[in-house]
Amino acid sequence: MGIESILKKENIQIDIQADSKEDAIKQIVKCLFENGCIDDKQIFYEDVLEREELGFTGIGNEMAIPHGISTQVMRVTLAIARLKSPVIWTTKEEDIPEEEKKVRFIILFAVPKESDEEREHQYIRALKMICGNLADDNKSDYLMHAADASVMMDILQKWTNGKENEW
């Protein structure tokens with residue numbers, strides 16, 4: 001599976017301004033809606049926030065991977081946003097250090113609610129590949145500092161093709 005099957009360059013936003021976690025998510029959802037990836041942006045936005053209530057989606061290194069599992073999604077899709085400055089990734093969990101709540105890089109997973117087995121496998125493979133690579137500080141740093149959406153796509157394509165050492 002290549003990343004281009006679930007991520008299009010037009011769903012990558014670089015250096016956007018957001019005032020909060022909710023504002024950042026709204027902007028990403030708007031992008032997905034404008035690019036024809038979801039049917040209703042308000043319902044999908046609410047589905048993402050509902051999932052956020054289940055637990056903290058920050059993963060460290062100023063990154064978060066929120067999910068929206070929704071009837072508004074046709075196929076597994078990713079959207080990425082890099083913020084100009086970090087926002088606090090709010091959570092009800094009390095044991096998360098304040099420093100780890102700062103988020104500047106967001107990869108949002110949009111997943112169909114009524115998902116067949118192949119879509120479910122695609123989602124799980126993408127999640128494992130991205131999380132596995134983002135756990136490496138050097139690799140996450142490449143994404144955080146990518147010059148533009150094309151460079152970001154190149155990095156992610158190398159990850160999915162097993163060529164992550166070709167920097």
# chains A, B, ... in the order shown; residues from 1 in each chain; ligands from 1
call {"tool": "residues_around", "arguments": {"residues": "Phe33 in chain A", "least_positions_apart": "2", "cutoff": "12 Å", "atoms": "only C-alpha atoms", "output": "number ranges by chain"}}
result
A: 10-11, 26-31, 35-45, 72-74, 77, 79, 110
call {"tool": "write_last_selection", "arguments": {"atoms": "N, CA, C and O atoms", "output": "CSV table (one decimal), in the first residue's frame"}}
result
chain,number,residue,atom,x,y,z
A,10,GLU,N,-3.2,17.7,-1.6
A,10,GLU,CA,-4.1,18.8,-1.3
A,10,GLU,C,-4.7,18.7,0.1
A,10,GLU,O,-5.3,19.7,0.6
A,11,ASN,N,-4.5,17.6,0.8
A,11,ASN,CA,-5.0,17.4,2.2
A,11,ASN,C,-3.8,17.6,3.2
A,11,ASN,O,-3.9,17.2,4.3
A,26,LYS,N,-11.1,21.8,13.2
A,26,LYS,CA,-12.1,22.4,12.2
A,26,LYS,C,-11.4,22.7,10.9
A,26,LYS,O,-12.0,22.5,9.8
A,27,GLN,N,-10.2,23.3,10.9
A,27,GLN,CA,-9.5,23.6,9.7
A,27,GLN,C,-9.2,22.4,8.8
A,27,GLN,O,-9.3,22.4,7.6
A,28,ILE,N,-8.8,21.3,9.5
A,28,ILE,CA,-8.5,20.1,8.8
A,28,ILE,C,-9.7,19.5,8.2
A,28,ILE,O,-9.7,19.1,7.0
A,29,VAL,N,-10.8,19.5,9.0
A,29,VAL,CA,-12.1,18.9,8.5
A,29,VAL,C,-12.6,19.8,7.3
A,29,VAL,O,-13.1,19.2,6.3
A,30,LYS,N,-12.4,21.1,7.4
A,30,LYS,CA,-12.8,21.9,6.3
A,30,LYS,C,-12.1,21.6,5.0
A,30,LYS,O,-12.6,21.5,3.9
A,31,CYS,N,-10.8,21.3,5.1
A,31,CYS,CA,-9.9,20.9,4.0
A,31,CYS,C,-10.5,19.6,3.4
A,31,CYS,O,-10.6,19.5,2.2
A,35,ASN,N,-12.2,19.1,-0.4
A,35,ASN,CA,-11.5,18.2,-1.3
A,35,ASN,C,-12.3,17.0,-1.6
A,35,ASN,O,-11.8,16.0,-2.2
A,36,GLY,N,-13.6,17.0,-1.2
A,36,GLY,CA,-14.5,15.9,-1.5
A,36,GLY,C,-14.3,14.6,-0.7
A,36,GLY,O,-14.7,13.6,-1.2
A,37,CYS,N,-13.6,14.7,0.4
A,37,CYS,CA,-13.3,13.4,1.2
A,37,CYS,C,-14.3,13.1,2.2
A,37,CYS,O,-14.4,11.9,2.7
A,38,ILE,N,-15.2,14.0,2.6
A,38,ILE,CA,-16.2,13.8,3.6
A,38,ILE,C,-17.5,14.5,3.1
A,38,ILE,O,-17.4,15.4,2.3
A,39,ASP,N,-18.7,14.0,3.5
A,39,ASP,CA,-19.9,14.5,3.1
A,39,ASP,C,-20.4,15.7,3.8
A,39,ASP,O,-20.8,16.7,3.3
A,40,ASP,N,-20.3,15.7,5.2
A,40,ASP,CA,-20.8,16.8,6.0
A,40,ASP,C,-19.7,17.1,7.0
A,40,ASP,O,-19.4,16.3,7.9
A,41,LYS,N,-19.2,18.4,6.9
A,41,LYS,CA,-18.1,18.7,7.8
A,41,LYS,C,-18.5,18.9,9.2
A,41,LYS,O,-17.7,18.5,10.1
A,42,GLN,N,-19.7,19.3,9.6
A,42,GLN,CA,-20.1,19.5,10.9
A,42,GLN,C,-20.3,18.1,11.6
A,42,GLN,O,-19.8,17.9,12.8
A,43,ILE,N,-20.9,17.2,11.0
A,43,ILE,CA,-21.1,15.9,11.6
A,43,ILE,C,-19.7,15.2,11.7
A,43,ILE,O,-19.5,14.6,12.8
A,44,PHE,N,-18.9,15.3,10.7
A,44,PHE,CA,-17.6,14.7,10.9
A,44,PHE,C,-16.7,15.3,12.0
A,44,PHE,O,-16.1,14.6,12.8
A,45,TYR,N,-16.8,16.6,12.1
A,45,TYR,CA,-16.1,17.3,13.1
A,45,TYR,C,-16.6,16.8,14.5
A,45,TYR,O,-15.7,16.5,15.4
A,72,GLN,N,-19.8,9.9,7.5
A,72,GLN,CA,-19.5,11.0,6.5
A,72,GLN,C,-18.3,10.7,5.7
A,72,GLN,O,-18.0,11.5,4.8
A,73,VAL,N,-17.6,9.6,5.9
A,73,VAL,CA,-16.3,9.3,5.2
A,73,VAL,C,-16.6,8.2,4.2
A,73,VAL,O,-17.2,7.1,4.6
A,74,MET,N,-16.2,8.4,3.0
A,74,MET,CA,-16.4,7.4,1.9
A,74,MET,C,-15.3,6.3,2.0
A,74,MET,O,-15.6,5.1,1.8
A,77,THR,N,-9.0,8.0,4.7
A,77,THR,CA,-8.3,9.2,4.2
A,77,THR,C,-7.5,9.8,5.3
A,77,THR,O,-7.9,9.7,6.5
A,79,ALA,N,-5.4,13.4,6.5
A,79,ALA,CA,-5.1,14.8,6.3
A,79,ALA,C,-4.0,15.2,7.3
A,79,ALA,O,-4.0,14.7,8.5
A,110,ALA,N,-9.4,9.8,8.8
A,110,ALA,CA,-10.8,9.8,8.5
A,110,ALA,C,-11.2,8.4,8.0
A,110,ALA,O,-10.6,7.9,7.0
call {"tool": "select_by_dssp", "arguments": {"residues": "range 29-145 of chain A", "states": "strand (DSSP E or B)", "output": "PyMOL selection string"}}
result
chain A and resi 38+58-60+63-64+67-70+73+77-88+102-112
call {"tool": "select_by_dssp", "arguments": {"residues": "range 1-137 of chain A", "states": "alpha helix (DSSP H)", "output": "ChimeraX atom specification"}}
result
/A:21-34,41-52,117-134,137
call {"tool": "closest_residue", "arguments": {"among": "A:Lys21, A:Met144, A:Ala126, A:Glu99", "to": "Asn161 in chain A", "atoms": "only C-alpha atoms"}}
result
A:Ala126
call {"tool": "atom_distance", "arguments": {"atom1": "CA of Phe56 in chain A", "atom2": "CA of Glu93 in chain A"}}
result
7.0 Å
call {"tool": "closest_residue", "arguments": {"among": "A:Leu78, A:Leu156, A:Gly68, A:Lys113", "to": "Ile12 in chain A", "atoms": "only C-alpha atoms"}}
result
A:Leu78
call {"tool": "residues_around", "arguments": {"residues": "Ile155 in chain A", "least_positions_apart": "2", "cutoff": "8 Å", "atoms": "only C-alpha atoms", "output": "ChimeraX atom specification"}}
result
/A:142-143,151-153,157-159,164,167
call {"tool": "write_last_selection", "arguments": {"atoms": "N, CA, C and O atoms", "output": "mmCIF file, in the first residue's frame"}}
result
data_model
loop_
_atom_site.group_PDB
_atom_site.id
_atom_site.type_symbol
_atom_site.label_atom_id
_atom_site.label_comp_id
_atom_site.auth_asym_id
_atom_site.auth_seq_id
_atom_site.Cartn_x
_atom_site.Cartn_y
_atom_site.Cartn_z
ATOM 1 N N TYR A 142 11.946 15.047 10.487
ATOM 2 C CA TYR A 142 11.900 15.283 9.034
ATOM 3 C C TYR A 142 10.533 15.828 8.620
ATOM 4 O O TYR A 142 10.443 16.776 7.846
ATOM 5 N N LEU A 143 9.471 15.211 9.136
ATOM 6 C CA LEU A 143 8.125 15.683 8.781
ATOM 7 C C LEU A 143 7.871 17.077 9.346
ATOM 8 O O LEU A 143 7.304 17.933 8.661
ATOM 9 N N VAL A 151 7.468 17.632 -0.300
ATOM 10 C CA VAL A 151 8.543 17.005 0.475
ATOM 11 C C VAL A 151 7.938 16.058 1.514
ATOM 12 O O VAL A 151 8.417 14.938 1.716
ATOM 13 N N MET A 152 6.858 16.489 2.147
ATOM 14 C CA MET A 152 6.191 15.660 3.133
ATOM 15 C C MET A 152 5.682 14.358 2.489
ATOM 16 O O MET A 152 5.847 13.274 3.048
ATOM 17 N N MET A 153 5.081 14.473 1.317
ATOM 18 C CA MET A 153 4.606 13.286 0.592
ATOM 19 C C MET A 153 5.768 12.360 0.256
ATOM 20 O O MET A 153 5.661 11.140 0.399
ATOM 21 N N GLN A 157 6.003 8.563 1.427
ATOM 22 C CA GLN A 157 6.080 7.514 0.407
ATOM 23 C C GLN A 157 7.271 6.598 0.673
ATOM 24 O O GLN A 157 7.169 5.382 0.510
ATOM 25 N N LYS A 158 8.390 7.155 1.093
ATOM 26 C CA LYS A 158 9.557 6.332 1.425
ATOM 27 C C LYS A 158 9.247 5.425 2.609
ATOM 28 O O LYS A 158 9.669 4.269 2.636
ATOM 29 N N TRP A 159 8.502 5.935 3.590
ATOM 30 C CA TRP A 159 8.128 5.105 4.732
ATOM 31 C C TRP A 159 7.275 3.925 4.272
ATOM 32 O O TRP A 159 7.506 2.794 4.688
ATOM 33 N N GLU A 164 12.842 4.109 4.170
ATOM 34 C CA GLU A 164 12.964 5.245 5.078
ATOM 35 C C GLU A 164 14.395 5.687 5.328
ATOM 36 O O GLU A 164 14.628 6.760 5.863
ATOM 37 N N TRP A 167 17.220 9.248 2.926
ATOM 38 C CA TRP A 167 16.962 10.678 3.155
ATOM 39 C C TRP A 167 17.959 11.441 2.341
ATOM 40 O O TRP A 167 18.027 12.526 2.156
#
call {"tool": "atom_distance", "arguments": {"atom1": "CA of Ala18 in chain A", "atom2": "CA of Trp89 in chain A"}}
result
11.6 Å
call {"tool": "closest_residue", "arguments": {"among": "A:Ala64, A:Leu7, A:Leu134, A:Ala81", "to": "Lys101 in chain A", "atoms": "only C-alpha atoms"}}
result
A:Ala64
call {"tool": "residues_around", "arguments": {"residues": "Asp15 in chain A", "least_positions_apart": "5", "cutoff": "6 Å", "atoms": "only C-alpha atoms", "output": "PDB file with C-alpha atoms, in the first residue's frame"}}
result
ATOM      1  CA  ARG A  82       1.474  21.641  10.557  1.00  0.00           C
ATOM      2  CA  LEU A  83       0.687  24.651  12.720  1.00  0.00           C
ATOM      3  CA  LYS A  84       2.696  27.868  12.876  1.00  0.00           C
TER       4      LYS A  84
END
call {"tool": "atom_distance", "arguments": {"atom1": "CA of Glu53 in chain A", "atom2": "CA of Lys92 in chain A"}}
result
7.5 Å
call {"tool": "decode", "arguments": {"residues": "range 119-147 of chain A", "atoms": "N, CA, C and O atoms", "output": "compact mmCIF listing (two decimals), in the first residue's frame"}}
result
# COMPACT_ATOMS: atom_id res chain seq x y z
N ARG A 119 -10.90 -2.16 3.99
CA ARG A 119 -10.71 -0.79 4.49
C ARG A 119 -10.16 -0.81 5.91
O ARG A 119 -9.33 0.01 6.27
N GLU A 120 -10.65 -1.74 6.72
CA GLU A 120 -10.17 -1.85 8.09
C GLU A 120 -8.68 -2.20 8.10
O GLU A 120 -7.90 -1.62 8.84
N HIS A 121 -8.27 -3.11 7.24
CA HIS A 121 -6.84 -3.47 7.14
C HIS A 121 -6.02 -2.28 6.66
O HIS A 121 -4.92 -2.04 7.16
N GLN A 122 -6.54 -1.53 5.71
CA GLN A 122 -5.84 -0.35 5.19
C GLN A 122 -5.62 0.67 6.31
O GLN A 122 -4.53 1.21 6.46
N TYR A 123 -6.65 0.89 7.10
CA TYR A 123 -6.58 1.83 8.21
C TYR A 123 -5.54 1.37 9.24
O TYR A 123 -4.67 2.14 9.66
N ILE A 124 -5.60 0.10 9.62
CA ILE A 124 -4.67 -0.43 10.62
C ILE A 124 -3.23 -0.39 10.11
O ILE A 124 -2.32 0.00 10.83
N ARG A 125 -3.02 -0.77 8.85
CA ARG A 125 -1.66 -0.73 8.27
C ARG A 125 -1.12 0.70 8.27
O ARG A 125 0.04 0.93 8.61
N ALA A 126 -1.96 1.65 7.86
CA ALA A 126 -1.52 3.05 7.82
C ALA A 126 -1.20 3.56 9.22
O ALA A 126 -0.18 4.21 9.43
N LEU A 127 -2.04 3.24 10.17
CA LEU A 127 -1.82 3.67 11.55
C LEU A 127 -0.52 3.09 12.10
O LEU A 127 0.30 3.81 12.69
N LYS A 128 -0.29 1.80 11.88
CA LYS A 128 0.94 1.16 12.36
C LYS A 128 2.18 1.77 11.69
O LYS A 128 3.18 2.04 12.35
N MET A 129 2.10 1.98 10.38
CA MET A 129 3.25 2.53 9.65
C MET A 129 3.57 3.94 10.15
O MET A 129 4.72 4.26 10.45
N ILE A 130 2.56 4.77 10.28
CA ILE A 130 2.80 6.15 10.70
C ILE A 130 3.28 6.20 12.14
O ILE A 130 4.29 6.85 12.44
N CYS A 131 2.60 5.52 13.03
CA CYS A 131 3.01 5.55 14.44
C CYS A 131 4.40 4.95 14.63
O CYS A 131 5.20 5.48 15.40
N GLY A 132 4.67 3.87 13.92
CA GLY A 132 5.98 3.25 14.02
C GLY A 132 7.10 4.18 13.61
O GLY A 132 8.14 4.25 14.25
N ASN A 133 6.89 4.91 12.54
CA ASN A 133 7.90 5.84 12.06
C ASN A 133 7.98 7.10 12.92
O ASN A 133 9.06 7.63 13.15
N LEU A 134 6.84 7.58 13.40
CA LEU A 134 6.84 8.79 14.22
C LEU A 134 7.47 8.56 15.59
O LEU A 134 7.87 9.51 16.25
N ALA A 135 7.56 7.30 16.00
CA ALA A 135 8.21 6.99 17.28
C ALA A 135 9.71 7.29 17.23
O ALA A 135 10.34 7.49 18.26
N ASP A 136 10.25 7.36 16.02
CA ASP A 136 11.66 7.69 15.83
C ASP A 136 11.79 9.21 15.77
O ASP A 136 11.26 9.85 14.86
N ASP A 137 12.47 9.80 16.73
CA ASP A 137 12.59 11.26 16.81
C ASP A 137 13.15 11.87 15.53
O ASP A 137 12.71 12.93 15.10
N ASN A 138 14.13 11.22 14.91
CA ASN A 138 14.71 11.76 13.68
C ASN A 138 13.69 11.79 12.54
O ASN A 138 13.62 12.75 11.78
N LYS A 139 12.92 10.72 12.43
CA LYS A 139 11.92 10.65 11.36
C LYS A 139 10.80 11.67 11.57
O LYS A 139 10.37 12.32 10.62
N SER A 140 10.35 11.81 12.80
CA SER A 140 9.29 12.79 13.05
C SER A 140 9.82 14.21 12.81
O SER A 140 9.08 15.08 12.34
N ASP A 141 11.09 14.41 13.08
CA ASP A 141 11.70 15.72 12.84
C ASP A 141 11.71 16.06 11.34
O ASP A 141 11.51 17.20 10.96
N TYR A 142 11.95 15.05 10.49
CA TYR A 142 11.90 15.28 9.03
C TYR A 142 10.53 15.83 8.62
O TYR A 142 10.44 16.78 7.85
N LEU A 143 9.47 15.21 9.14
CA LEU A 143 8.13 15.68 8.78
C LEU A 143 7.87 17.08 9.35
O LEU A 143 7.30 17.93 8.66
N MET A 144 8.26 17.29 10.59
CA MET A 144 8.01 18.58 11.24
C MET A 144 8.66 19.72 10.49
O MET A 144 8.15 20.83 10.46
N HIS A 145 9.78 19.45 9.83
CA HIS A 145 10.52 20.52 9.17
C HIS A 145 10.49 20.44 7.64
O HIS A 145 11.26 21.14 6.97
N ALA A 146 9.61 19.61 7.10
CA ALA A 146 9.50 19.50 5.63
C ALA A 146 9.15 20.86 5.05
O ALA A 146 8.31 21.58 5.59
N ALA A 147 9.79 21.21 3.96
CA ALA A 147 9.62 22.53 3.35
C ALA A 147 8.20 22.76 2.83
O ALA A 147 7.68 23.87 2.89
